[in-house]
Amino acid sequence: MKAIYSFVCLACLLASCTSQPDNYELIEGEWRNVSLQLIQHTIANSSADSTLTIKNGDWDSVLQMRPIRTTFNSDGTYMSRYYNLSDSLIFESGGHWHFIGDSLYLSSDEGDNSYLFQLLENNQARFVSRLDWDNDGHPDDEYDGIQQKQ
């Protein structure tokens, strides 16, 4: 009886180690930015701080571009595409993604970032991180964004 119990425990342990979290299947597909709040600390290494807030529906008017479209593929790659108001592609960036717990890790030629990934209602998710948004060499900018799965 003890051997059967040990075998069942070992089988459960192995199954939990090899299965991917539910977030892997949930994130696959295209996501578009809905809103964000960005607090930039010490902009360009100065003492100035700045807050950028984009509410749902204000993306076009505030940044003069369409919401960013990011596609997460099942092979662990992703591509983010940026479009102007005429729907012309102006920039794209891609790389690899994976989860560790509830943290989404993105790596690309532009750098590596990690985000707390929190699934919300209505096919939306919250992405929270500390980034180097202002490219001053310090990942001290607070990013809190909502994206919608298409």
# chains A, B, ... in the order shown; residues from 1 in each chain; ligands from 1

call {"tool": "residues_around", "arguments": {"residues": "region 127-131 of chain A", "least_positions_apart": "3", "cutoff": "6 Å", "atoms": "only C-alpha atoms", "output": "list in words"}}
result
Tyr115, Leu116, Phe117, Pro139, Asp140, Asp141, Glu142, Tyr143, Asp144 and Gly145 of chain A

call {"tool": "select_by_dssp", "arguments": {"residues": "region 25-122 of chain A", "states": "alpha helix (DSSP H)", "output": "PyMOL selection string"}}
result
chain A and resi 25-27+59-63

call {"tool": "residues_around", "arguments": {"residues": "region 55-61 of chain A", "least_positions_apart": "6", "cutoff": "10 Å", "atoms": "only C-alpha atoms", "output": "ChimeraX atom specification"}}
result
/A:33-37,67-68,84-85,145-147

call {"tool": "write_last_selection", "arguments": {"atoms": "N, CA, C and O atoms", "output": "mmCIF file, in the first residue's frame"}}
result
data_model
loop_
_atom_site.group_PDB
_atom_site.id
_atom_site.type_symbol
_atom_site.label_atom_id
_atom_site.label_comp_id
_atom_site.auth_asym_id
_atom_site.auth_seq_id
_atom_site.Cartn_x
_atom_site.Cartn_y
_atom_site.Cartn_z
ATOM 1 N N ASN A 33 -3.355 47.082 -26.880
ATOM 2 C CA ASN A 33 -3.375 47.966 -25.725
ATOM 3 C C ASN A 33 -4.710 48.691 -25.645
ATOM 4 O O ASN A 33 -5.224 49.164 -26.653
ATOM 5 N N VAL A 34 -5.246 48.775 -24.445
ATOM 6 C CA VAL A 34 -6.494 49.488 -24.193
ATOM 7 C C VAL A 34 -6.200 50.775 -23.432
ATOM 8 O O VAL A 34 -6.637 51.847 -23.813
ATOM 9 N N SER A 35 -5.481 50.651 -22.339
ATOM 10 C CA SER A 35 -5.164 51.809 -21.510
ATOM 11 C C SER A 35 -3.832 51.572 -20.821
ATOM 12 O O SER A 35 -3.347 50.443 -20.757
ATOM 13 N N LEU A 36 -3.257 52.652 -20.313
ATOM 14 C CA LEU A 36 -2.035 52.495 -19.534
ATOM 15 C C LEU A 36 -1.815 53.709 -18.657
ATOM 16 O O LEU A 36 -2.311 54.800 -18.929
ATOM 17 N N GLN A 37 -1.066 53.469 -17.595
ATOM 18 C CA GLN A 37 -0.540 54.543 -16.779
ATOM 19 C C GLN A 37 0.953 54.296 -16.675
ATOM 20 O O GLN A 37 1.392 53.189 -16.364
ATOM 21 N N PRO A 67 -3.453 51.631 -31.019
ATOM 22 C CA PRO A 67 -2.986 50.769 -29.921
ATOM 23 C C PRO A 67 -2.031 49.698 -30.449
ATOM 24 O O PRO A 67 -2.219 49.152 -31.538
ATOM 25 N N ILE A 68 -0.990 49.426 -29.688
ATOM 26 C CA ILE A 68 0.011 48.437 -30.081
ATOM 27 C C ILE A 68 -0.647 47.063 -30.192
ATOM 28 O O ILE A 68 -1.461 46.694 -29.351
ATOM 29 N N ASN A 84 0.608 53.883 -37.342
ATOM 30 C CA ASN A 84 0.208 55.282 -37.219
ATOM 31 C C ASN A 84 -1.299 55.403 -37.443
ATOM 32 O O ASN A 84 -1.991 54.386 -37.654
ATOM 33 N N LEU A 85 -1.811 56.621 -37.421
ATOM 34 C CA LEU A 85 -3.252 56.831 -37.564
ATOM 35 C C LEU A 85 -3.762 56.524 -38.965
ATOM 36 O O LEU A 85 -4.966 56.396 -39.165
ATOM 37 N N GLY A 145 -0.507 48.575 -17.558
ATOM 38 C CA GLY A 145 -1.331 48.641 -18.755
ATOM 39 C C GLY A 145 -2.365 47.540 -18.837
ATOM 40 O O GLY A 145 -2.173 46.443 -18.295
ATOM 41 N N ILE A 146 -3.453 47.839 -19.505
ATOM 42 C CA ILE A 146 -4.520 46.873 -19.773
ATOM 43 C C ILE A 146 -4.511 46.586 -21.264
ATOM 44 O O ILE A 146 -4.444 47.501 -22.089
ATOM 45 N N GLN A 147 -4.564 45.300 -21.611
ATOM 46 C CA GLN A 147 -4.647 44.874 -23.008
ATOM 47 C C GLN A 147 -5.870 43.985 -23.189
ATOM 48 O O GLN A 147 -6.293 43.312 -22.255
#

call {"tool": "atom_distance", "arguments": {"atom1": "CA of Phe72 (chain A)", "atom2": "CA of Thr53 (chain A)"}}
result
25.1 Å

call {"tool": "atom_distance", "arguments": {"atom1": "CA of Asp102 (chain A)", "atom2": "CA of Lys149 (chain A)"}}
result
17.5 Å

call {"tool": "closest_residue", "arguments": {"among": "A:Ser46, A:Thr77, A:Asn123, A:Ser108", "to": "His138 (chain A)", "atoms": "only C-alpha atoms"}}
result
A:Ser46

call {"tool": "atom_distance", "arguments": {"atom1": "CA of Gly29 (chain A)", "atom2": "CA of Leu63 (chain A)"}}
result
24.2 Å

call {"tool": "closest_residue", "arguments": {"among": "A:Gln124, A:Ser86, A:Asn135, A:Ser107", "to": "Trp31 (chain A)", "atoms": "only C-alpha atoms"}}
result
A:Gln124

call {"tool": "closest_residue", "arguments": {"among": "A:Asn122, A:Gly76, A:Met65, A:Asp136", "to": "Phe99 (chain A)", "atoms": "only C-alpha atoms"}}
result
A:Gly76

call {"tool": "residues_around", "arguments": {"residues": "His98 (chain A)", "least_positions_apart": "6", "cutoff": "12 Å", "atoms": "only C-alpha atoms", "output": "list in words"}}
result
Gln20, Pro21, Asn23, Tyr24, Glu25, Ile27, Glu28, Phe72, Asn73, Ser74, Asp75, Gly76, Thr77, Tyr78, Leu104, Tyr105, Leu106, Ser107, Asp112, Asn113, Ser114, Tyr115 and Phe117 of chain A

call {"tool": "closest_residue", "arguments": {"among": "A:Gly101, A:Glu30, A:Ile43, A:Thr71", "to": "Gly137 (chain A)", "atoms": "only C-alpha atoms"}}
result
A:Ile43
